[in-house]
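Dumped my_file_22.txt below, it's compact mmCIF, N, CA, C and O atoms:
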```
# COMPACT_ATOMS: atom_id res chain seq x y z
N MET A 33 -100.96 69.95 -3.65
CA MET A 33 -99.80 69.10 -3.46
C MET A 33 -99.84 68.53 -2.05
O MET A 33 -99.99 69.27 -1.08
N PRO A 34 -99.70 67.22 -1.92
CA PRO A 34 -99.76 66.62 -0.59
C PRO A 34 -98.56 67.02 0.25
O PRO A 34 -97.49 67.33 -0.26
N GLY A 35 -98.76 66.96 1.56
CA GLY A 35 -97.69 67.31 2.47
C GLY A 35 -96.69 66.17 2.59
O GLY A 35 -96.73 65.19 1.86
N VAL A 36 -95.83 66.27 3.57
CA VAL A 36 -94.80 65.26 3.81
C VAL A 36 -95.46 64.03 4.42
O VAL A 36 -96.31 64.14 5.31
N ILE A 37 -95.07 62.87 3.94
CA ILE A 37 -95.62 61.61 4.45
C ILE A 37 -94.59 60.95 5.33
O ILE A 37 -93.45 60.73 4.91
N ASN A 38 -94.97 60.63 6.55
CA ASN A 38 -94.09 59.91 7.46
C ASN A 38 -94.27 58.42 7.20
O ASN A 38 -95.31 57.84 7.55
N MET A 39 -93.28 57.79 6.59
CA MET A 39 -93.38 56.38 6.20
C MET A 39 -93.53 55.47 7.42
O MET A 39 -94.09 54.39 7.31
N ASP A 40 -93.03 55.89 8.57
CA ASP A 40 -93.13 55.06 9.77
C ASP A 40 -94.58 54.93 10.25
O ASP A 40 -94.91 53.98 10.95
N GLU A 41 -95.43 55.89 9.88
CA GLU A 41 -96.83 55.87 10.32
C GLU A 41 -97.74 55.10 9.36
O GLU A 41 -98.91 54.91 9.66
N LEU A 42 -97.22 54.67 8.22
CA LEU A 42 -98.04 53.96 7.23
C LEU A 42 -98.04 52.47 7.51
O LEU A 42 -97.05 51.89 7.97
N THR A 43 -99.17 51.85 7.19
CA THR A 43 -99.25 50.40 7.30
C THR A 43 -98.57 49.77 6.09
O THR A 43 -98.29 50.45 5.09
N ASP A 44 -98.35 48.47 6.15
CA ASP A 44 -97.76 47.77 5.01
C ASP A 44 -98.66 47.86 3.79
O ASP A 44 -98.19 47.96 2.65
N VAL A 45 -99.97 47.86 4.01
CA VAL A 45 -100.92 47.98 2.90
C VAL A 45 -100.80 49.36 2.26
O VAL A 45 -100.78 49.49 1.02
N ASP A 46 -100.69 50.42 3.09
CA ASP A 46 -100.52 51.78 2.56
C ASP A 46 -99.24 51.88 1.72
O ASP A 46 -99.25 52.46 0.64
N LYS A 47 -98.16 51.31 2.21
CA LYS A 47 -96.89 51.34 1.49
C LYS A 47 -97.00 50.59 0.16
O LYS A 47 -96.50 51.05 -0.87
N ALA A 48 -97.67 49.45 0.19
CA ALA A 48 -97.85 48.66 -1.04
C ALA A 48 -98.68 49.42 -2.06
O ALA A 48 -98.39 49.39 -3.26
N GLU A 49 -99.73 50.12 -1.60
CA GLU A 49 -100.56 50.91 -2.50
C GLU A 49 -99.77 52.06 -3.12
O GLU A 49 -99.90 52.36 -4.30
N MET A 50 -98.93 52.71 -2.31
CA MET A 50 -98.09 53.80 -2.83
C MET A 50 -97.13 53.27 -3.89
O MET A 50 -96.92 53.90 -4.93
N GLU A 51 -96.53 52.11 -3.61
CA GLU A 51 -95.60 51.53 -4.57
C GLU A 51 -96.32 51.14 -5.86
O GLU A 51 -95.81 51.38 -6.96
N ARG A 52 -97.52 50.57 -5.74
CA ARG A 52 -98.33 50.22 -6.91
C ARG A 52 -98.64 51.46 -7.75
O ARG A 52 -98.48 51.45 -8.97
N ASP A 53 -99.05 52.54 -7.08
CA ASP A 53 -99.38 53.77 -7.79
C ASP A 53 -98.15 54.34 -8.51
O ASP A 53 -98.25 54.81 -9.65
N GLN A 54 -97.00 54.26 -7.86
CA GLN A 54 -95.76 54.74 -8.49
C GLN A 54 -95.42 53.90 -9.71
O GLN A 54 -95.03 54.42 -10.75
N LYS A 55 -95.58 52.59 -9.60
CA LYS A 55 -95.29 51.70 -10.73
C LYS A 55 -96.23 51.98 -11.91
O LYS A 55 -95.82 51.93 -13.06
N LYS A 56 -97.49 52.31 -11.63
CA LYS A 56 -98.44 52.65 -12.69
C LYS A 56 -97.98 53.90 -13.45
O LYS A 56 -98.13 54.00 -14.67
N ILE A 57 -97.41 54.86 -12.72
CA ILE A 57 -96.89 56.08 -13.36
C ILE A 57 -95.67 55.74 -14.20
O ILE A 57 -95.55 56.16 -15.36
N GLU A 58 -94.75 54.96 -13.63
CA GLU A 58 -93.50 54.65 -14.31
C GLU A 58 -93.70 53.81 -15.57
O GLU A 58 -92.97 53.97 -16.55
N VAL A 59 -94.67 52.92 -15.56
CA VAL A 59 -94.88 52.04 -16.72
C VAL A 59 -95.34 52.83 -17.94
O VAL A 59 -95.15 52.40 -19.08
N LYS A 60 -95.92 54.00 -17.74
CA LYS A 60 -96.40 54.83 -18.84
C LYS A 60 -95.29 55.68 -19.46
O LYS A 60 -95.48 56.26 -20.52
N LEU A 61 -94.14 55.77 -18.81
CA LEU A 61 -93.05 56.60 -19.31
C LEU A 61 -92.41 55.99 -20.54
O LEU A 61 -92.22 54.77 -20.63
N GLU A 62 -92.07 56.85 -21.48
CA GLU A 62 -91.38 56.39 -22.68
C GLU A 62 -89.93 56.09 -22.31
O GLU A 62 -89.27 56.86 -21.64
N ARG A 63 -89.45 54.94 -22.75
CA ARG A 63 -88.08 54.53 -22.43
C ARG A 63 -87.19 54.75 -23.65
O ARG A 63 -87.61 54.52 -24.78
N TRP A 64 -85.96 55.20 -23.41
CA TRP A 64 -85.00 55.44 -24.48
C TRP A 64 -83.75 54.63 -24.22
O TRP A 64 -83.40 54.35 -23.08
N LEU A 65 -83.05 54.33 -25.29
CA LEU A 65 -81.74 53.69 -25.16
C LEU A 65 -80.76 54.68 -24.56
O LEU A 65 -80.78 55.87 -24.88
N THR A 66 -79.90 54.18 -23.69
CA THR A 66 -78.91 55.04 -23.06
C THR A 66 -78.02 55.70 -24.11
O THR A 66 -77.68 56.87 -23.99
N SER A 67 -77.67 54.97 -25.15
CA SER A 67 -76.79 55.53 -26.18
C SER A 67 -77.45 56.73 -26.86
O SER A 67 -76.78 57.72 -27.17
N LYS A 68 -78.76 56.68 -27.07
CA LYS A 68 -79.47 57.79 -27.68
C LYS A 68 -79.51 58.99 -26.71
O LYS A 68 -79.28 60.13 -27.11
N CYS A 69 -79.80 58.72 -25.45
CA CYS A 69 -79.88 59.78 -24.45
C CYS A 69 -78.52 60.48 -24.30
O CYS A 69 -78.46 61.71 -24.23
N CYS A 70 -77.46 59.70 -24.25
CA CYS A 70 -76.12 60.28 -24.08
C CYS A 70 -75.75 61.15 -25.27
O CYS A 70 -75.19 62.23 -25.09
N THR A 71 -76.07 60.70 -26.46
CA THR A 71 -75.77 61.48 -27.66
C THR A 71 -76.51 62.81 -27.64
O THR A 71 -75.92 63.86 -27.88
N GLU A 72 -77.80 62.77 -27.33
CA GLU A 72 -78.60 64.00 -27.29
C GLU A 72 -78.12 64.93 -26.17
O GLU A 72 -78.07 66.14 -26.35
N PHE A 73 -77.74 64.36 -25.04
CA PHE A 73 -77.25 65.17 -23.92
C PHE A 73 -75.94 65.86 -24.31
O PHE A 73 -75.76 67.06 -24.07
N MET A 74 -75.02 65.12 -24.92
CA MET A 74 -73.74 65.70 -25.34
C MET A 74 -73.96 66.82 -26.37
O MET A 74 -73.31 67.86 -26.30
N GLU A 75 -74.88 66.63 -27.29
CA GLU A 75 -75.17 67.67 -28.29
C GLU A 75 -75.73 68.92 -27.62
O GLU A 75 -75.35 70.04 -27.97
N ALA A 76 -76.60 68.75 -26.64
CA ALA A 76 -77.18 69.89 -25.94
C ALA A 76 -76.12 70.65 -25.15
O ALA A 76 -76.09 71.88 -25.15
N VAL A 77 -75.23 69.93 -24.51
CA VAL A 77 -74.16 70.56 -23.74
C VAL A 77 -73.22 71.32 -24.67
O VAL A 77 -72.87 72.47 -24.42
N GLN A 78 -72.83 70.70 -25.76
CA GLN A 78 -71.91 71.34 -26.69
C GLN A 78 -72.55 72.54 -27.38
O GLN A 78 -71.85 73.50 -27.69
N ALA A 79 -73.86 72.52 -27.57
CA ALA A 79 -74.54 73.65 -28.21
C ALA A 79 -74.50 74.89 -27.31
O ALA A 79 -74.49 76.01 -27.80
N GLY A 80 -74.47 74.71 -26.00
CA GLY A 80 -74.48 75.83 -25.08
C GLY A 80 -73.14 76.15 -24.46
O GLY A 80 -73.06 76.92 -23.50
N VAL A 81 -72.07 75.58 -25.00
CA VAL A 81 -70.75 75.73 -24.38
C VAL A 81 -70.26 77.19 -24.37
O VAL A 81 -69.57 77.60 -23.45
N GLU A 82 -70.66 77.98 -25.35
CA GLU A 82 -70.21 79.37 -25.41
C GLU A 82 -70.76 80.21 -24.27
O GLU A 82 -70.14 81.16 -23.83
N GLU A 83 -71.96 79.86 -23.79
CA GLU A 83 -72.58 80.62 -22.70
C GLU A 83 -72.37 79.96 -21.34
O GLU A 83 -72.83 80.47 -20.33
N ASP A 84 -71.69 78.82 -21.30
CA ASP A 84 -71.54 78.05 -20.07
C ASP A 84 -70.44 78.64 -19.19
O ASP A 84 -69.27 78.60 -19.53
N THR A 85 -70.84 79.16 -18.05
CA THR A 85 -69.90 79.79 -17.13
C THR A 85 -68.90 78.78 -16.58
O THR A 85 -67.75 79.14 -16.29
N LEU A 86 -69.30 77.53 -16.42
CA LEU A 86 -68.38 76.52 -15.91
C LEU A 86 -67.26 76.21 -16.90
O LEU A 86 -66.17 75.82 -16.51
N VAL A 87 -67.53 76.41 -18.19
CA VAL A 87 -66.52 76.14 -19.22
C VAL A 87 -65.64 77.35 -19.46
O VAL A 87 -64.42 77.26 -19.45
N LYS A 88 -66.25 78.51 -19.66
CA LYS A 88 -65.46 79.69 -20.04
C LYS A 88 -65.08 80.58 -18.87
O LYS A 88 -64.27 81.48 -19.01
N GLY A 89 -65.67 80.36 -17.71
CA GLY A 89 -65.32 81.17 -16.55
C GLY A 89 -66.15 82.44 -16.46
O GLY A 89 -66.97 82.74 -17.32
N ILE A 90 -65.92 83.19 -15.39
CA ILE A 90 -66.64 84.43 -15.15
C ILE A 90 -65.71 85.59 -15.46
O ILE A 90 -64.55 85.58 -15.06
N ALA A 91 -66.23 86.59 -16.14
CA ALA A 91 -65.43 87.78 -16.43
C ALA A 91 -65.03 88.44 -15.11
O ALA A 91 -65.82 88.50 -14.17
N GLU A 92 -63.80 88.92 -15.03
CA GLU A 92 -63.30 89.52 -13.79
C GLU A 92 -64.18 90.65 -13.29
O GLU A 92 -64.41 90.79 -12.09
N ASP A 93 -64.69 91.46 -14.20
CA ASP A 93 -65.50 92.61 -13.77
C ASP A 93 -66.89 92.19 -13.28
O ASP A 93 -67.58 92.97 -12.63
N LYS A 94 -67.30 90.95 -13.54
CA LYS A 94 -68.62 90.48 -13.11
C LYS A 94 -68.55 89.41 -12.03
O LYS A 94 -69.56 88.88 -11.62
N ASN A 95 -67.37 89.10 -11.55
CA ASN A 95 -67.17 88.05 -10.57
C ASN A 95 -67.44 88.58 -9.17
O ASN A 95 -66.64 89.35 -8.63
N PRO A 96 -68.52 88.15 -8.52
CA PRO A 96 -68.82 88.65 -7.18
C PRO A 96 -67.91 88.05 -6.10
O PRO A 96 -67.90 88.51 -4.97
N PHE A 97 -67.12 87.04 -6.45
CA PHE A 97 -66.27 86.37 -5.47
C PHE A 97 -64.79 86.72 -5.59
O PHE A 97 -63.97 86.14 -4.89
N LYS A 98 -64.46 87.67 -6.44
CA LYS A 98 -63.05 88.02 -6.63
C LYS A 98 -62.52 88.72 -5.38
O LYS A 98 -63.26 89.35 -4.63
N GLU A 99 -61.25 88.57 -5.18
CA GLU A 99 -60.58 89.21 -4.04
C GLU A 99 -60.53 90.72 -4.28
O GLU A 99 -60.15 91.18 -5.35
N LEU A 100 -60.90 91.47 -3.30
CA LEU A 100 -60.82 92.92 -3.39
C LEU A 100 -59.46 93.37 -2.91
O LEU A 100 -58.95 92.86 -1.92
N LYS A 101 -58.88 94.33 -3.60
CA LYS A 101 -57.58 94.85 -3.18
C LYS A 101 -57.79 95.75 -1.97
O LYS A 101 -58.72 96.51 -1.89
N GLY A 102 -56.92 95.62 -1.01
CA GLY A 102 -57.00 96.45 0.18
C GLY A 102 -57.70 95.76 1.34
O GLY A 102 -57.76 96.29 2.42
N GLY A 103 -58.26 94.57 1.10
CA GLY A 103 -58.90 93.83 2.18
C GLY A 103 -60.22 94.46 2.59
O GLY A 103 -60.80 95.27 1.90
N CYS A 104 -60.70 94.07 3.75
CA CYS A 104 -61.99 94.59 4.22
C CYS A 104 -61.77 95.45 5.45
O CYS A 104 -60.78 95.35 6.14
N VAL A 105 -62.73 96.29 5.73
CA VAL A 105 -62.68 97.19 6.87
C VAL A 105 -63.83 96.84 7.79
O VAL A 105 -64.98 96.73 7.36
N VAL A 106 -63.51 96.62 9.06
CA VAL A 106 -64.55 96.35 10.05
C VAL A 106 -64.83 97.62 10.81
O VAL A 106 -63.92 98.25 11.38
N CYS A 107 -66.07 98.05 10.81
CA CYS A 107 -66.42 99.30 11.49
C CYS A 107 -66.87 99.05 12.90
O CYS A 107 -67.45 98.11 13.24
```
Show this structure as structure tokens.
Amino acid sequence: MPGVINMDELTDVDKAEMERDQKKIEVKLERWLTSKCCTEFMEAVQAGVEEDTLVKGIAEDKNPFKELKGGCVVC
């Protein structure tokens, strides 16, 4: 995996070549209608709603962020 590229150090030709290479990758990607993607995304979200912590919340006994009774003690 290549390291971080500092764009300020690249010539205009280098930048153009990078953009060309990126466009070659993107043109090969399969494109979908937004309506199809949204429908499939909604179905996937709804299929996992029972296990989704953001929807059903965290059980009190498993919540690491719940307030402890009695406060904290500094030693």
Per DSSP on the backbone, filter region 42-97 of chain A down to the residues in helix (DSSP H, G or I) and report them as a PDB file with N, CA, C and O atoms, in the coordinates of the input.
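Listed below is the output, part09.pdb:
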```pdb
ATOM      1  N   ASP A  44     -98.350  48.470   6.150  1.00  0.00           N
ATOM      2  CA  ASP A  44     -97.760  47.770   5.010  1.00  0.00           C
ATOM      3  C   ASP A  44     -98.660  47.860   3.790  1.00  0.00           C
ATOM      4  O   ASP A  44     -98.190  47.960   2.650  1.00  0.00           O
ATOM      5  N   VAL A  45     -99.970  47.860   4.010  1.00  0.00           N
ATOM      6  CA  VAL A  45    -100.920  47.980   2.900  1.00  0.00           C
ATOM      7  C   VAL A  45    -100.800  49.360   2.260  1.00  0.00           C
ATOM      8  O   VAL A  45    -100.780  49.490   1.020  1.00  0.00           O
ATOM      9  N   ASP A  46    -100.690  50.420   3.090  1.00  0.00           N
ATOM     10  CA  ASP A  46    -100.520  51.780   2.560  1.00  0.00           C
ATOM     11  C   ASP A  46     -99.240  51.880   1.720  1.00  0.00           C
ATOM     12  O   ASP A  46     -99.250  52.460   0.640  1.00  0.00           O
ATOM     13  N   LYS A  47     -98.160  51.310   2.210  1.00  0.00           N
ATOM     14  CA  LYS A  47     -96.890  51.340   1.490  1.00  0.00           C
ATOM     15  C   LYS A  47     -97.000  50.590   0.160  1.00  0.00           C
ATOM     16  O   LYS A  47     -96.500  51.050  -0.870  1.00  0.00           O
ATOM     17  N   ALA A  48     -97.670  49.450   0.190  1.00  0.00           N
ATOM     18  CA  ALA A  48     -97.850  48.660  -1.040  1.00  0.00           C
ATOM     19  C   ALA A  48     -98.680  49.420  -2.060  1.00  0.00           C
ATOM     20  O   ALA A  48     -98.390  49.390  -3.260  1.00  0.00           O
ATOM     21  N   GLU A  49     -99.730  50.120  -1.600  1.00  0.00           N
ATOM     22  CA  GLU A  49    -100.560  50.910  -2.500  1.00  0.00           C
ATOM     23  C   GLU A  49     -99.770  52.060  -3.120  1.00  0.00           C
ATOM     24  O   GLU A  49     -99.900  52.360  -4.300  1.00  0.00           O
ATOM     25  N   MET A  50     -98.930  52.710  -2.310  1.00  0.00           N
ATOM     26  CA  MET A  50     -98.090  53.800  -2.830  1.00  0.00           C
ATOM     27  C   MET A  50     -97.130  53.270  -3.890  1.00  0.00           C
ATOM     28  O   MET A  50     -96.920  53.900  -4.930  1.00  0.00           O
ATOM     29  N   GLU A  51     -96.530  52.110  -3.610  1.00  0.00           N
ATOM     30  CA  GLU A  51     -95.600  51.530  -4.570  1.00  0.00           C
ATOM     31  C   GLU A  51     -96.320  51.140  -5.860  1.00  0.00           C
ATOM     32  O   GLU A  51     -95.810  51.380  -6.960  1.00  0.00           O
ATOM     33  N   ARG A  52     -97.520  50.570  -5.740  1.00  0.00           N
ATOM     34  CA  ARG A  52     -98.330  50.220  -6.910  1.00  0.00           C
ATOM     35  C   ARG A  52     -98.640  51.460  -7.750  1.00  0.00           C
ATOM     36  O   ARG A  52     -98.480  51.450  -8.970  1.00  0.00           O
ATOM     37  N   ASP A  53     -99.050  52.540  -7.080  1.00  0.00           N
ATOM     38  CA  ASP A  53     -99.380  53.770  -7.790  1.00  0.00           C
ATOM     39  C   ASP A  53     -98.150  54.340  -8.510  1.00  0.00           C
ATOM     40  O   ASP A  53     -98.250  54.810  -9.650  1.00  0.00           O
ATOM     41  N   GLN A  54     -97.000  54.260  -7.860  1.00  0.00           N
ATOM     42  CA  GLN A  54     -95.760  54.740  -8.490  1.00  0.00           C
ATOM     43  C   GLN A  54     -95.420  53.900  -9.710  1.00  0.00           C
ATOM     44  O   GLN A  54     -95.030  54.420 -10.750  1.00  0.00           O
ATOM     45  N   LYS A  55     -95.580  52.590  -9.600  1.00  0.00           N
ATOM     46  CA  LYS A  55     -95.290  51.700 -10.730  1.00  0.00           C
ATOM     47  C   LYS A  55     -96.230  51.980 -11.910  1.00  0.00           C
ATOM     48  O   LYS A  55     -95.820  51.930 -13.060  1.00  0.00           O
ATOM     49  N   LYS A  56     -97.490  52.310 -11.630  1.00  0.00           N
ATOM     50  CA  LYS A  56     -98.440  52.650 -12.690  1.00  0.00           C
ATOM     51  C   LYS A  56     -97.980  53.900 -13.450  1.00  0.00           C
ATOM     52  O   LYS A  56     -98.130  54.000 -14.670  1.00  0.00           O
ATOM     53  N   ILE A  57     -97.410  54.860 -12.720  1.00  0.00           N
ATOM     54  CA  ILE A  57     -96.890  56.080 -13.360  1.00  0.00           C
ATOM     55  C   ILE A  57     -95.670  55.740 -14.200  1.00  0.00           C
ATOM     56  O   ILE A  57     -95.550  56.160 -15.360  1.00  0.00           O
ATOM     57  N   GLU A  58     -94.750  54.960 -13.630  1.00  0.00           N
ATOM     58  CA  GLU A  58     -93.500  54.650 -14.310  1.00  0.00           C
ATOM     59  C   GLU A  58     -93.700  53.810 -15.570  1.00  0.00           C
ATOM     60  O   GLU A  58     -92.970  53.970 -16.550  1.00  0.00           O
ATOM     61  N   VAL A  59     -94.670  52.920 -15.560  1.00  0.00           N
ATOM     62  CA  VAL A  59     -94.880  52.040 -16.720  1.00  0.00           C
ATOM     63  C   VAL A  59     -95.340  52.830 -17.940  1.00  0.00           C
ATOM     64  O   VAL A  59     -95.150  52.400 -19.080  1.00  0.00           O
ATOM     65  N   THR A  66     -79.900  54.180 -23.690  1.00  0.00           N
ATOM     66  CA  THR A  66     -78.910  55.040 -23.060  1.00  0.00           C
ATOM     67  C   THR A  66     -78.020  55.700 -24.110  1.00  0.00           C
ATOM     68  O   THR A  66     -77.680  56.870 -23.990  1.00  0.00           O
ATOM     69  N   SER A  67     -77.670  54.970 -25.150  1.00  0.00           N
ATOM     70  CA  SER A  67     -76.790  55.530 -26.180  1.00  0.00           C
ATOM     71  C   SER A  67     -77.450  56.730 -26.860  1.00  0.00           C
ATOM     72  O   SER A  67     -76.780  57.720 -27.170  1.00  0.00           O
ATOM     73  N   LYS A  68     -78.760  56.680 -27.070  1.00  0.00           N
ATOM     74  CA  LYS A  68     -79.470  57.790 -27.680  1.00  0.00           C
ATOM     75  C   LYS A  68     -79.510  58.990 -26.710  1.00  0.00           C
ATOM     76  O   LYS A  68     -79.280  60.130 -27.110  1.00  0.00           O
ATOM     77  N   CYS A  69     -79.800  58.720 -25.450  1.00  0.00           N
ATOM     78  CA  CYS A  69     -79.880  59.780 -24.450  1.00  0.00           C
ATOM     79  C   CYS A  69     -78.520  60.480 -24.300  1.00  0.00           C
ATOM     80  O   CYS A  69     -78.460  61.710 -24.230  1.00  0.00           O
ATOM     81  N   CYS A  70     -77.460  59.700 -24.250  1.00  0.00           N
ATOM     82  CA  CYS A  70     -76.120  60.280 -24.080  1.00  0.00           C
ATOM     83  C   CYS A  70     -75.750  61.150 -25.270  1.00  0.00           C
ATOM     84  O   CYS A  70     -75.190  62.230 -25.090  1.00  0.00           O
ATOM     85  N   THR A  71     -76.070  60.700 -26.460  1.00  0.00           N
ATOM     86  CA  THR A  71     -75.770  61.480 -27.660  1.00  0.00           C
ATOM     87  C   THR A  71     -76.510  62.810 -27.640  1.00  0.00           C
ATOM     88  O   THR A  71     -75.920  63.860 -27.880  1.00  0.00           O
ATOM     89  N   GLU A  72     -77.800  62.770 -27.330  1.00  0.00           N
ATOM     90  CA  GLU A  72     -78.600  64.000 -27.290  1.00  0.00           C
ATOM     91  C   GLU A  72     -78.120  64.930 -26.170  1.00  0.00           C
ATOM     92  O   GLU A  72     -78.070  66.140 -26.350  1.00  0.00           O
ATOM     93  N   PHE A  73     -77.740  64.360 -25.040  1.00  0.00           N
ATOM     94  CA  PHE A  73     -77.250  65.170 -23.920  1.00  0.00           C
ATOM     95  C   PHE A  73     -75.940  65.860 -24.310  1.00  0.00           C
ATOM     96  O   PHE A  73     -75.760  67.060 -24.070  1.00  0.00           O
ATOM     97  N   MET A  74     -75.020  65.120 -24.920  1.00  0.00           N
ATOM     98  CA  MET A  74     -73.740  65.700 -25.340  1.00  0.00           C
ATOM     99  C   MET A  74     -73.960  66.820 -26.370  1.00  0.00           C
ATOM    100  O   MET A  74     -73.310  67.860 -26.300  1.00  0.00           O
ATOM    101  N   GLU A  75     -74.880  66.630 -27.290  1.00  0.00           N
ATOM    102  CA  GLU A  75     -75.170  67.670 -28.290  1.00  0.00           C
ATOM    103  C   GLU A  75     -75.730  68.920 -27.620  1.00  0.00           C
ATOM    104  O   GLU A  75     -75.350  70.040 -27.970  1.00  0.00           O
ATOM    105  N   ALA A  76     -76.600  68.750 -26.640  1.00  0.00           N
ATOM    106  CA  ALA A  76     -77.180  69.890 -25.940  1.00  0.00           C
ATOM    107  C   ALA A  76     -76.120  70.650 -25.150  1.00  0.00           C
ATOM    108  O   ALA A  76     -76.090  71.880 -25.150  1.00  0.00           O
ATOM    109  N   VAL A  77     -75.230  69.930 -24.510  1.00  0.00           N
ATOM    110  CA  VAL A  77     -74.160  70.560 -23.740  1.00  0.00           C
ATOM    111  C   VAL A  77     -73.220  71.320 -24.670  1.00  0.00           C
ATOM    112  O   VAL A  77     -72.870  72.470 -24.420  1.00  0.00           O
ATOM    113  N   GLN A  78     -72.830  70.700 -25.760  1.00  0.00           N
ATOM    114  CA  GLN A  78     -71.910  71.340 -26.690  1.00  0.00           C
ATOM    115  C   GLN A  78     -72.550  72.540 -27.380  1.00  0.00           C
ATOM    116  O   GLN A  78     -71.850  73.500 -27.690  1.00  0.00           O
ATOM    117  N   ALA A  79     -73.860  72.520 -27.570  1.00  0.00           N
ATOM    118  CA  ALA A  79     -74.540  73.650 -28.210  1.00  0.00           C
ATOM    119  C   ALA A  79     -74.500  74.890 -27.310  1.00  0.00           C
ATOM    120  O   ALA A  79     -74.490  76.010 -27.800  1.00  0.00           O
ATOM    121  N   VAL A  81     -72.070  75.580 -25.000  1.00  0.00           N
ATOM    122  CA  VAL A  81     -70.750  75.730 -24.380  1.00  0.00           C
ATOM    123  C   VAL A  81     -70.260  77.190 -24.370  1.00  0.00           C
ATOM    124  O   VAL A  81     -69.570  77.600 -23.450  1.00  0.00           O
ATOM    125  N   GLU A  82     -70.660  77.980 -25.350  1.00  0.00           N
ATOM    126  CA  GLU A  82     -70.210  79.370 -25.410  1.00  0.00           C
ATOM    127  C   GLU A  82     -70.760  80.210 -24.270  1.00  0.00           C
ATOM    128  O   GLU A  82     -70.140  81.160 -23.830  1.00  0.00           O
ATOM    129  N   GLU A  83     -71.960  79.860 -23.790  1.00  0.00           N
ATOM    130  CA  GLU A  83     -72.580  80.620 -22.700  1.00  0.00           C
ATOM    131  C   GLU A  83     -72.370  79.960 -21.340  1.00  0.00           C
ATOM    132  O   GLU A  83     -72.830  80.470 -20.330  1.00  0.00           O
ATOM    133  N   THR A  85     -70.840  79.160 -18.050  1.00  0.00           N
ATOM    134  CA  THR A  85     -69.900  79.790 -17.130  1.00  0.00           C
ATOM    135  C   THR A  85     -68.900  78.780 -16.580  1.00  0.00           C
ATOM    136  O   THR A  85     -67.750  79.140 -16.290  1.00  0.00           O
ATOM    137  N   LEU A  86     -69.300  77.530 -16.420  1.00  0.00           N
ATOM    138  CA  LEU A  86     -68.380  76.520 -15.910  1.00  0.00           C
ATOM    139  C   LEU A  86     -67.260  76.210 -16.900  1.00  0.00           C
ATOM    140  O   LEU A  86     -66.170  75.820 -16.510  1.00  0.00           O
ATOM    141  N   VAL A  87     -67.530  76.410 -18.190  1.00  0.00           N
ATOM    142  CA  VAL A  87     -66.520  76.140 -19.220  1.00  0.00           C
ATOM    143  C   VAL A  87     -65.640  77.350 -19.460  1.00  0.00           C
ATOM    144  O   VAL A  87     -64.420  77.260 -19.450  1.00  0.00           O
ATOM    145  N   LYS A  88     -66.250  78.510 -19.660  1.00  0.00           N
ATOM    146  CA  LYS A  88     -65.460  79.690 -20.040  1.00  0.00           C
ATOM    147  C   LYS A  88     -65.080  80.580 -18.870  1.00  0.00           C
ATOM    148  O   LYS A  88     -64.270  81.480 -19.010  1.00  0.00           O
ATOM    149  N   GLU A  92     -63.800  88.920 -15.030  1.00  0.00           N
ATOM    150  CA  GLU A  92     -63.300  89.520 -13.790  1.00  0.00           C
ATOM    151  C   GLU A  92     -64.180  90.650 -13.290  1.00  0.00           C
ATOM    152  O   GLU A  92     -64.410  90.790 -12.090  1.00  0.00           O
ATOM    153  N   ASP A  93     -64.690  91.460 -14.200  1.00  0.00           N
ATOM    154  CA  ASP A  93     -65.500  92.610 -13.770  1.00  0.00           C
ATOM    155  C   ASP A  93     -66.890  92.190 -13.280  1.00  0.00           C
ATOM    156  O   ASP A  93     -67.580  92.970 -12.630  1.00  0.00           O
ATOM    157  N   LYS A  94     -67.300  90.950 -13.540  1.00  0.00           N
ATOM    158  CA  LYS A  94     -68.620  90.480 -13.110  1.00  0.00           C
ATOM    159  C   LYS A  94     -68.550  89.410 -12.030  1.00  0.00           C
ATOM    160  O   LYS A  94     -69.560  88.880 -11.620  1.00  0.00           O
TER     161      LYS A  94
END
```
Atom O of Met39 (chain A) to atom C of Val59 (chain A), distance in Å rounded to a single decimal: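 That distance, rounded to one decimal, is 25.3 Å.
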- prompt: Which value, in Å to one decimal, gives the distance between atom O of Val106 (chain A) and atom O of Ile90 (chain A)?
  reply: 29.3 Å
message: For a test of reading the model, state the distance in Å between CA of Val45 (chain A) and atom N of Glu62 (chain A), rounded to one decimal.
response: 27.4 Å
Which of A:Ile37, A:Glu99, A:Leu86, A:Glu75 sits closest to Met50 (chain A) [using only C-alpha atoms]: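 Distance minimum relative to Met50 (chain A) lands on A:Ile37.
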